[in-house]
>>> print(open('input_36.txt').read())   # compact mmCIF, C-alpha atoms and all ligand atoms
# COMPACT_ATOMS: atom_id res chain seq x y z
CA MET A 1 173.90 20.60 173.25
CA THR A 2 170.95 18.29 173.88
CA ARG A 3 170.96 14.81 175.28
CA PRO A 4 167.58 13.28 174.50
CA GLU A 5 168.50 9.88 175.98
CA VAL A 6 168.75 11.23 179.48
CA SER A 7 165.66 10.48 181.49
CA SER A 8 165.40 11.23 185.14
CA ARG A 9 162.28 11.05 187.24
CA GLY A 10 162.97 14.38 188.81
CA PRO A 11 160.23 16.98 189.18
CA ASP A 12 160.89 18.35 185.69
CA ALA A 13 160.78 14.99 183.93
CA PRO A 14 158.13 14.73 181.23
CA PRO A 15 154.99 12.94 182.48
CA GLY A 16 154.48 9.32 181.55
CA ARG A 17 158.10 8.51 180.88
CA ILE A 18 159.42 5.34 182.45
CA ASP A 19 162.90 5.61 183.87
CA PRO A 20 164.88 2.78 182.28
CA VAL A 21 166.97 2.44 185.45
CA ASN A 22 163.94 2.03 187.66
CA THR A 23 163.23 -1.67 187.18
CA TYR A 24 160.71 -1.66 190.02
CA ARG A 25 157.86 -0.93 187.57
CA ASP A 26 158.74 -3.85 185.34
CA PRO A 27 158.03 -7.21 187.02
CA ALA A 28 160.19 -9.16 184.56
CA ALA A 29 163.20 -6.91 185.10
CA ARG A 30 162.57 -6.88 188.83
CA GLY A 31 162.62 -10.67 188.92
CA GLY A 32 165.96 -10.63 187.16
CA VAL A 33 167.43 -8.17 189.63
CA LEU A 34 166.17 -10.09 192.65
CA ARG A 35 167.46 -13.37 191.28
CA THR A 36 170.99 -12.02 191.22
CA VAL A 37 170.66 -10.96 194.86
CA GLY A 38 170.14 -14.60 195.78
CA THR A 39 167.22 -15.97 197.74
CA ARG A 40 169.42 -16.99 200.63
CA GLU A 41 170.38 -13.44 201.49
CA ARG A 42 166.85 -12.12 201.78
CA ARG A 43 166.01 -13.55 205.15
CA SER A 44 167.37 -11.53 208.03
CA HIS A 45 168.90 -13.11 211.11
CA LEU A 46 166.10 -11.48 213.10
CA SER A 47 163.41 -13.51 211.37
CA ALA A 48 165.42 -16.73 210.95
CA PRO A 49 163.99 -19.72 212.82
CA ARG A 50 165.50 -20.12 216.30
CA VAL A 51 166.56 -23.69 215.74
CA PRO A 52 169.89 -25.38 216.46
CA THR A 53 172.13 -25.77 213.42
CA VAL A 54 175.47 -27.37 212.68
CA GLY A 55 178.52 -25.25 211.90
CA ILE A 56 181.63 -26.72 210.32
CA ASP A 57 184.99 -24.99 210.12
CA ILE A 58 187.35 -26.57 207.59
CA GLY A 59 190.88 -25.32 208.16
CA GLY A 60 194.25 -26.41 206.89
CA THR A 61 194.80 -29.00 209.60
CA LYS A 62 191.54 -29.50 211.53
CA VAL A 63 187.85 -29.86 210.75
CA MET A 64 185.69 -28.66 213.63
CA ALA A 65 181.97 -29.33 213.74
CA GLY A 66 179.48 -28.25 216.36
CA VAL A 67 175.80 -27.86 217.14
CA VAL A 68 175.08 -24.22 217.94
CA ASP A 69 171.81 -22.75 219.20
CA ALA A 70 170.25 -19.43 218.19
CA ASP A 71 172.12 -17.58 220.98
CA GLY A 72 175.52 -18.73 219.74
CA THR A 73 175.97 -21.32 222.50
CA ILE A 74 177.87 -24.43 221.45
CA LEU A 75 175.81 -27.48 222.51
CA GLU A 76 178.33 -30.04 221.32
CA LYS A 77 181.63 -29.90 219.46
CA ILE A 78 183.66 -32.58 217.67
CA ARG A 79 186.79 -32.35 215.58
CA THR A 80 188.89 -34.41 213.25
CA GLU A 81 191.92 -34.09 210.97
CA THR A 82 191.53 -32.36 207.61
CA PRO A 83 191.93 -34.94 204.84
CA ASP A 84 195.21 -34.57 203.00
CA LYS A 85 195.40 -32.23 200.01
CA SER A 86 196.17 -35.22 197.77
CA LYS A 87 192.79 -36.80 198.58
CA SER A 88 189.86 -36.30 196.23
CA PRO A 89 187.09 -33.76 197.01
CA LYS A 90 184.84 -36.75 197.72
CA VAL A 91 186.93 -37.66 200.79
CA VAL A 92 186.42 -34.19 202.31
CA GLU A 93 182.71 -34.46 201.54
CA ASP A 94 182.59 -37.85 203.29
CA THR A 95 184.32 -36.36 206.34
CA ILE A 96 181.71 -33.58 206.55
CA VAL A 97 178.80 -36.02 206.12
CA GLU A 98 180.20 -38.31 208.83
CA LEU A 99 180.53 -35.42 211.30
CA VAL A 100 176.99 -34.19 210.60
CA LEU A 101 175.46 -37.65 210.89
CA ASP A 102 177.33 -38.20 214.15
CA LEU A 103 175.93 -34.96 215.59
CA SER A 104 172.42 -35.56 214.26
CA ASP A 105 172.29 -38.79 216.30
CA ARG A 106 171.99 -36.62 219.40
CA HIS A 107 170.61 -33.34 218.04
CA ASP A 108 167.91 -32.10 215.73
CA VAL A 109 169.83 -30.68 212.77
CA HIS A 110 167.89 -28.11 210.73
CA ALA A 111 170.65 -26.77 208.52
CA VAL A 112 174.39 -27.05 208.01
CA GLY A 113 176.77 -24.14 207.54
CA ILE A 114 180.30 -24.59 206.24
CA GLY A 115 183.12 -22.11 206.76
CA ALA A 116 185.93 -23.15 204.45
CA ALA A 117 189.45 -21.80 204.16
CA GLY A 118 189.08 -20.97 200.50
CA TRP A 119 187.33 -18.83 197.93
CA VAL A 120 183.60 -19.30 197.76
CA ASP A 121 181.57 -17.88 194.88
CA ALA A 122 179.01 -15.11 195.36
CA ASP A 123 176.09 -17.57 195.30
CA ARG A 124 177.80 -19.47 198.12
CA ALA A 125 177.39 -22.74 196.29
CA ARG A 126 180.85 -23.51 194.93
CA VAL A 127 184.31 -23.44 196.44
CA LEU A 128 186.38 -21.84 193.67
CA PHE A 129 189.74 -22.63 195.20
CA ALA A 130 191.09 -23.83 198.53
CA PRO A 131 194.84 -23.72 199.15
CA HIS A 132 194.80 -26.65 201.63
CA LEU A 133 192.27 -28.89 199.91
CA ALA A 134 191.68 -30.50 196.52
CA TRP A 135 188.67 -28.25 195.81
CA ARG A 136 188.73 -26.56 192.40
CA ASN A 137 185.39 -25.03 191.42
CA GLU A 138 183.69 -27.64 193.58
CA PRO A 139 179.84 -27.59 193.77
CA LEU A 140 180.00 -28.31 197.49
CA ARG A 141 176.62 -26.95 198.55
CA ASP A 142 174.51 -29.01 196.17
CA ALA A 143 176.56 -32.15 196.70
CA LEU A 144 176.13 -31.94 200.50
CA GLN A 145 172.49 -30.90 200.29
CA ASP A 146 171.73 -34.03 198.28
CA ARG A 147 173.47 -36.28 200.77
CA LEU A 148 172.33 -34.65 204.01
CA ALA A 149 168.75 -33.73 203.01
CA VAL A 150 168.93 -30.45 204.93
CA PRO A 151 169.69 -26.92 203.65
CA VAL A 152 173.42 -26.25 203.38
CA MET A 153 175.26 -22.92 203.31
CA VAL A 154 178.90 -22.54 202.25
CA ASP A 155 181.01 -19.48 203.00
CA ASN A 156 184.58 -18.36 203.48
CA ASP A 157 185.85 -18.99 207.02
CA ALA A 158 186.85 -15.36 207.60
CA ASN A 159 183.31 -14.30 206.65
CA THR A 160 181.77 -16.76 209.09
CA ALA A 161 184.18 -15.70 211.87
CA ALA A 162 183.34 -12.03 211.28
CA TRP A 163 179.63 -12.85 211.38
CA ALA A 164 180.06 -14.64 214.72
CA GLU A 165 182.02 -11.73 216.22
CA TRP A 166 179.34 -9.30 215.03
CA ARG A 167 176.46 -11.38 216.39
CA PHE A 168 177.94 -12.66 219.65
CA GLY A 169 181.46 -11.30 220.17
CA ALA A 170 183.69 -8.23 220.02
CA GLY A 171 181.79 -6.54 217.20
CA ARG A 172 178.30 -6.52 218.69
CA GLY A 173 176.38 -3.34 217.84
CA GLU A 174 178.82 -2.27 215.10
CA ASP A 175 177.15 -1.55 211.76
CA HIS A 176 180.43 -1.28 209.89
CA LEU A 177 182.93 -3.86 210.88
CA VAL A 178 186.12 -5.20 209.34
CA MET A 179 187.56 -8.44 210.64
CA ILE A 180 191.23 -9.30 210.21
CA THR A 181 192.36 -12.81 211.11
CA LEU A 182 196.08 -13.25 211.68
CA GLY A 183 196.93 -16.89 211.27
CA THR A 184 199.62 -18.29 209.04
CA GLY A 185 198.45 -15.61 206.62
CA ILE A 186 195.90 -12.79 206.81
CA GLY A 187 192.22 -13.42 206.25
CA GLY A 188 189.60 -10.72 206.19
CA ALA A 189 185.93 -9.92 205.97
CA ILE A 190 183.76 -6.83 205.61
CA LEU A 191 180.37 -6.51 207.32
CA GLU A 192 178.07 -3.60 206.55
CA ASP A 193 174.58 -3.07 207.92
CA GLY A 194 174.34 -6.68 209.01
CA LYS A 195 175.47 -8.11 205.69
CA VAL A 196 178.70 -9.75 204.68
CA LYS A 197 180.19 -7.92 201.69
CA ARG A 198 181.37 -10.57 199.31
CA GLY A 199 182.02 -8.56 196.17
CA LYS A 200 180.70 -9.43 192.74
CA TYR A 201 182.50 -12.78 192.53
CA GLY A 202 182.55 -13.69 196.21
CA VAL A 203 186.24 -13.13 196.96
CA ALA A 204 186.23 -9.70 198.63
CA GLY A 205 188.22 -9.27 201.83
CA GLU A 206 191.48 -10.91 200.74
CA PHE A 207 193.44 -8.21 202.53
CA GLY A 208 196.51 -10.37 203.03
CA HIS A 209 197.62 -9.90 199.45
CA MET A 210 197.53 -6.13 199.29
CA GLN A 211 201.03 -5.02 198.36
CA VAL A 212 202.63 -2.98 201.14
CA VAL A 213 206.34 -3.24 200.21
CA PRO A 214 207.21 -3.00 196.50
CA GLY A 215 209.68 -5.76 195.69
CA GLY A 216 209.45 -7.12 199.23
CA HIS A 217 209.33 -10.70 200.48
CA ARG A 218 208.12 -13.29 198.00
CA CYS A 219 204.59 -14.53 198.75
CA PRO A 220 203.22 -17.99 197.82
CA CYS A 221 200.46 -16.17 195.89
CA GLY A 222 203.07 -15.29 193.26
CA ASN A 223 203.58 -11.60 194.09
CA ARG A 224 206.09 -9.81 196.25
CA GLY A 225 205.63 -7.64 199.33
CA CYS A 226 202.12 -8.79 200.29
CA TRP A 227 200.81 -7.53 203.65
CA GLU A 228 200.69 -11.05 205.10
CA GLN A 229 204.45 -11.37 204.53
CA TYR A 230 204.90 -8.65 207.18
CA SER A 231 202.01 -9.10 209.58
CA SER A 232 201.05 -12.72 210.22
CA GLY A 233 202.09 -15.81 212.15
CA ASN A 234 204.36 -16.83 209.29
CA ALA A 235 206.08 -13.45 209.27
CA LEU A 236 206.61 -13.62 213.04
CA VAL A 237 208.14 -17.08 212.91
CA ARG A 238 210.25 -16.27 209.83
CA GLU A 239 211.82 -13.24 211.53
CA ALA A 240 212.50 -15.14 214.77
CA ARG A 241 214.09 -18.05 212.93
CA GLU A 242 216.23 -15.67 210.86
CA LEU A 243 217.56 -14.02 214.00
CA ALA A 244 218.17 -17.38 215.63
CA ALA A 245 219.89 -18.75 212.52
CA ALA A 246 222.16 -15.70 212.45
CA ASP A 247 223.07 -16.56 216.06
CA SER A 248 222.17 -13.01 217.06
CA PRO A 249 222.82 -12.22 220.73
CA VAL A 250 219.23 -10.98 221.07
CA ALA A 251 218.04 -14.49 220.18
CA TYR A 252 220.00 -16.39 222.86
CA GLU A 253 216.93 -16.87 225.06
CA ILE A 254 214.80 -18.42 222.32
CA ILE A 255 217.71 -20.55 220.99
CA GLU A 256 218.15 -21.93 224.48
CA ARG A 257 214.42 -22.62 224.80
CA VAL A 258 214.37 -24.79 221.65
CA LYS A 259 217.83 -26.25 222.47
CA GLY A 260 219.30 -24.93 219.22
CA ASN A 261 216.64 -26.64 217.09
CA ILE A 262 215.54 -23.60 215.10
CA PRO A 263 212.59 -25.21 213.22
CA GLU A 264 210.97 -25.70 216.65
CA ILE A 265 210.45 -21.94 216.98
CA THR A 266 206.70 -21.34 216.70
CA GLY A 267 204.30 -18.42 217.06
CA PRO A 268 202.88 -19.52 220.43
CA LEU A 269 206.43 -19.91 221.81
CA ILE A 270 207.33 -16.35 220.72
CA THR A 271 204.15 -15.03 222.35
CA GLU A 272 204.92 -16.95 225.53
CA LEU A 273 208.49 -15.56 225.72
CA ALA A 274 207.25 -12.04 224.97
CA ARG A 275 204.86 -12.31 227.92
CA GLU A 276 207.81 -13.33 230.08
CA GLY A 277 209.54 -10.13 228.95
CA ASP A 278 212.03 -11.44 226.38
CA ALA A 279 213.18 -8.31 224.53
CA MET A 280 213.51 -9.88 221.08
CA CYS A 281 210.07 -11.48 221.16
CA VAL A 282 208.45 -8.26 222.38
CA GLU A 283 210.17 -6.41 219.53
CA LEU A 284 209.08 -8.95 216.93
CA LEU A 285 205.46 -8.65 218.02
CA GLN A 286 205.84 -4.87 217.92
CA ASP A 287 207.04 -5.10 214.30
CA ILE A 288 204.12 -7.31 213.36
CA GLY A 289 201.77 -4.96 215.21
CA GLN A 290 203.16 -1.91 213.43
CA TRP A 291 202.63 -3.49 210.02
CA LEU A 292 199.16 -4.45 211.17
CA GLY A 293 198.44 -0.80 212.03
CA VAL A 294 199.72 0.40 208.63
CA GLY A 295 197.44 -2.05 206.83
CA ILE A 296 194.49 -1.09 209.03
CA ALA A 297 195.04 2.59 208.19
CA ASN A 298 194.92 1.65 204.48
CA LEU A 299 191.70 -0.29 205.03
CA ALA A 300 190.21 2.64 206.95
CA ALA A 301 191.00 4.89 203.98
CA ALA A 302 189.14 2.52 201.67
CA LEU A 303 186.26 1.27 203.82
CA ASP A 304 185.90 3.64 206.81
CA PRO A 305 184.46 1.10 209.30
CA SER A 306 183.69 1.88 212.93
CA CYS A 307 185.48 -1.17 214.27
CA PHE A 308 188.33 -3.53 213.39
CA VAL A 309 188.22 -6.92 215.05
CA ILE A 310 191.57 -8.73 215.17
CA GLY A 311 191.27 -12.50 215.37
CA GLY A 312 193.34 -15.57 214.55
CA GLY A 313 196.10 -17.33 216.47
CA VAL A 314 198.51 -14.37 216.59
CA SER A 315 195.88 -12.20 218.31
CA ALA A 316 196.53 -14.25 221.46
CA ALA A 317 199.47 -11.85 222.01
CA ASP A 318 196.76 -9.28 222.78
CA ASP A 319 198.16 -5.87 223.81
CA LEU A 320 201.72 -6.83 222.86
CA LEU A 321 200.41 -6.87 219.30
CA ILE A 322 197.35 -4.61 219.30
CA GLY A 323 199.01 -1.79 221.27
CA PRO A 324 201.67 -1.15 218.57
CA ALA A 325 198.96 -1.63 215.91
CA ARG A 326 196.86 1.14 217.45
CA ASP A 327 199.88 3.49 217.57
CA ALA A 328 200.82 2.81 213.94
CA PHE A 329 197.18 3.15 212.89
CA ARG A 330 196.98 6.63 214.43
CA ARG A 331 200.25 7.67 212.77
CA HIS A 332 199.18 6.49 209.31
CA LEU A 333 195.48 7.29 209.26
CA THR A 334 194.49 9.64 206.42
CA GLY A 335 193.12 12.93 207.75
CA ARG A 336 194.05 12.03 211.33
CA GLY A 337 192.77 14.49 213.89
CA TYR A 338 189.86 15.46 211.66
CA ARG A 339 187.83 12.27 211.66
CA PRO A 340 186.44 9.78 214.17
CA GLU A 341 188.86 6.92 214.69
CA ALA A 342 187.78 3.34 214.32
CA ARG A 343 188.04 1.08 217.34
CA ILE A 344 190.63 -1.71 217.13
CA THR A 345 189.76 -4.63 219.33
CA ARG A 346 190.66 -8.25 219.85
CA ALA A 347 188.20 -10.97 218.82
CA GLN A 348 186.35 -12.62 221.70
CA LEU A 349 185.15 -15.96 220.40
CA GLY A 350 188.54 -17.61 219.87
CA PRO A 351 189.10 -20.54 217.50
CA GLU A 352 185.39 -21.45 217.54
CA ALA A 353 184.33 -18.19 215.84
CA GLY A 354 184.34 -19.66 212.32
CA MET A 355 182.22 -22.61 213.40
CA VAL A 356 179.70 -20.55 215.39
CA GLY A 357 179.34 -18.07 212.53
CA ALA A 358 178.82 -20.82 209.96
CA ALA A 359 176.08 -22.32 212.13
CA ASP A 360 174.40 -18.96 212.65
CA LEU A 361 174.50 -18.11 208.93
CA ALA A 362 173.00 -21.54 208.25
CA ARG A 363 169.95 -20.52 210.30
CA LEU A 364 169.18 -18.06 207.50
CA VAL A 365 168.59 -21.02 205.20
CA ALA A 366 167.17 -23.36 207.86
CA ARG A 367 163.63 -24.57 207.56
CA ARG A 368 161.15 -25.28 210.27
CA PHE A 369 159.69 -28.27 208.49
CA ARG A 370 161.73 -30.91 210.28
CA ARG A 371 160.51 -29.86 213.68
CA ALA A 372 156.94 -29.45 212.36
CA ASN A 373 157.20 -32.89 210.85
CA ARG A 374 158.41 -34.38 214.10
CA ARG A 375 155.51 -32.76 215.99
CA ARG A 376 153.09 -34.28 213.48
CA VAL A 377 154.64 -37.71 214.02
CA GLU A 378 154.44 -37.28 217.80
CA ARG A 379 150.80 -36.26 217.59
CA TYR A 380 150.02 -39.26 215.41
CA GLU A 381 151.77 -41.63 217.81
CA ARG A 382 149.87 -40.18 220.75
CA TYR A 383 146.63 -40.61 218.88
CA GLU A 384 147.57 -44.18 218.03
CA ARG A 385 148.15 -44.98 221.71
CA TYR A 386 144.86 -43.35 222.59
CA ALA A 387 142.97 -45.20 219.89
CA GLN A 388 144.56 -48.48 220.90
CA ALA A 389 143.59 -47.98 224.52
CA LEU A 390 139.98 -47.55 223.45
CA ARG A 391 140.00 -50.67 221.30
CA PRO A 392 138.21 -53.61 222.98
CA GLY A 393 140.38 -56.45 224.21
CA THR A 394 143.56 -54.38 224.58
CA HIS A 395 142.84 -52.95 228.02
CA GLY A 396 144.93 -55.60 229.66
CA ARG A 397 148.06 -54.68 227.65
CA THR A 398 147.89 -50.93 227.17
CA SER A 399 146.80 -48.45 229.73
CA ARG A 400 144.76 -45.49 228.61
CA THR A 401 146.90 -42.42 228.04
CA PRO A 402 145.77 -39.41 229.99
CA GLU A 403 146.27 -36.77 227.27
CA GLU A 404 143.82 -36.08 224.53
CA PRO A 405 144.75 -36.45 220.87
CA GLY A 406 145.87 -33.31 219.13
CA SER A 407 146.56 -31.44 222.36
ZN ZN A 501 200.51 -12.64 198.35
>>> encode(input="input_36.txt", output="structure tokens", more="lines below")
Ligand SMILES: [Zn+2]
Amino acid sequence: MTRPEVSSRGPDAPPGRIDPVNTYRDPAARGGVLRTVGTRERRSHLSAPRVPTVGIDIGGTKVMAGVVDADGTILEKIRTETPDKSKSPKVVEDTIVELVLDLSDRHDVHAVGIGAAGWVDADRARVLFAPHLAWRNEPLRDALQDRLAVPVMVDNDANTAAWAEWRFGAGRGEDHLVMITLGTGIGGAILEDGKVKRGKYGVAGEFGHMQVVPGGHRCPCGNRGCWEQYSSGNALVREARELAAADSPVAYEIIERVKGNIPEITGPLITELAREGDAMCVELLQDIGQWLGVGIANLAAALDPSCFVIGGGVSAADDLLIGPARDAFRRHLTGRGYRPEARITRAQLGPEAGMVGAADLARLVARRFRRANRRRVERYERYERYAQALRPGTHGRTSRTPEEPGS
């Protein structure tokens, strides 16, 4: 049985044959391959210009914008309400432009990074879908770039938060990191060797909709039994309200706290009561934590990272949540006892992570030209002053400047 098509460049390959897979020898093919990688990904954060950039986090209720320097320090932060879902994409765009212009009054803005709660395509140019906004296949990057006249980067907010935790927070020094954000749902991101893994179409890391319970709770995504129906802020509040509505004796404390008004039961209140030692709230967080651990064990089976960073509002419960998650993780991990276990840790950067990460990722597309341009203008102005001081008849009005032109 012969297979003449097979060509490998192993030691026994016939001389002079070009491996069709090895596009490196063919400049045209190489160009094609590199184009699909995307020019924006080629620059590493190590060689990116150390200039301040603006990061914007667009969530379901708030838009947060801030100027962040190359060390992840927030120089200034402003926030506003997210425009209503019924408003046109143009209104959201206007909000972003207003925030950036406001900040650029006081800061030198070299690039803008956007972390949006939605699906962003692999080229990071379009928002494919955002559950809280009117964006449907919206060419956000190009639209903003035209209006702001600086480079713009658009990414998913979980990706930007993971990037921030890897660069400046709980995931520093980890080559293989998975971030899980527990908010109303579950967001996720995968970082490998200093790169965000986005998948072919840009929507990798949607862990929240992995099915963990066949035929379980209905999820707004259309399926049943999604992970985020068991391990998220929504799940926590749903369970607490169910117990309170059933007038369960274990829920007396929380019913009293909200004076019988069950819709007032929120995630932060449950966390607060759990910290005070309320048995039901501790148990609810344990349940959420256990489901979290089960999901993490599944992710470890698929991705084998060295570290899981748990962020989002629910992570404020800290060890009340992460303790049970660690236990469940160890119980469900494939091949437990025969493999190194990934670290599970709480995120460090808090609600600003998405914004800081967006700003830092924007530095990868930032250009130095604005600062260079400003220096040229300054030099010209200095020269002008100098030249004017030398001009006859102006000595009375302008004093000679001490510095030399072009210094
Ligand atoms: Zn779902």
>>> atom_distance(input="input_36.txt", atom1="CA of Val365 (chain A)", atom2="CA of Leu128 (chain A)")
21.2 Å
>>> atom_distance(input="input_36.txt", atom1="CA of Thr82 (chain A)", atom2="CA of Val100 (chain A)")
15.0 Å
>>> closest_atom_pairs(input="input_36.txt", of="chain A", to="ligand ZN 501 (chain A)", cutoff="7 Å", atoms="all atoms listed in the file", output="JSON lines")
{"residue": "A:Gly208", "atom": "CA", "partner": "A:ZN501", "partner_atom": "ZN", "distance": 6.6}
{"residue": "A:His209", "atom": "CA", "partner": "A:ZN501", "partner_atom": "ZN", "distance": 4.1}
{"residue": "A:Cys219", "atom": "CA", "partner": "A:ZN501", "partner_atom": "ZN", "distance": 4.5}
{"residue": "A:Pro220", "atom": "CA", "partner": "A:ZN501", "partner_atom": "ZN", "distance": 6.0}
{"residue": "A:Cys221", "atom": "CA", "partner": "A:ZN501", "partner_atom": "ZN", "distance": 4.3}
{"residue": "A:Gly222", "atom": "CA", "partner": "A:ZN501", "partner_atom": "ZN", "distance": 6.3}
{"residue": "A:Asn223", "atom": "CA", "partner": "A:ZN501", "partner_atom": "ZN", "distance": 5.4}
{"residue": "A:Arg224", "atom": "CA", "partner": "A:ZN501", "partner_atom": "ZN", "distance": 6.6}
{"residue": "A:Cys226", "atom": "CA", "partner": "A:ZN501", "partner_atom": "ZN", "distance": 4.6}
{"residue": "A:Glu228", "atom": "CA", "partner": "A:ZN501", "partner_atom": "ZN", "distance": 6.9}
>>> atom_distance(input="input_36.txt", atom1="CA of Ala353 (chain A)", atom2="CA of Thr80 (chain A)")
17.0 Å
>>> closest_residue(input="input_36.txt", among="A:Pro268, A:Pro49, A:Gly118, A:Gly194", to="Arg167 (chain A)", atoms="all atoms listed in the file")
A:Gly194
>>> closest_residue(input="input_36.txt", among="A:Leu140, A:Leu320, A:Ala111, A:Leu133", to="Thr271 (chain A)", atoms="only C-alpha atoms")
A:Leu320
>>> axis_aligned_box(input="input_36.txt", around="region 215-231 of chain A", padding_each_side="5 Å", output="AutoDock Vina command-line options")
--center_x 205.1 --center_y -11.9 --center_z 201.4 --size_x 19.2 --size_y 22.2 --size_z 26.3
>>> closest_residue(input="input_36.txt", among="A:His110, A:Arg141, A:Val150, A:Gly233", to="Leu285 (chain A)", atoms="only C-alpha atoms")
A:Gly233
>>> closest_residue(input="input_36.txt", among="A:Arg106, A:Arg172, A:Lys85, A:Lys259", to="His132 (chain A)", atoms="all atoms listed in the file")
A:Lys85
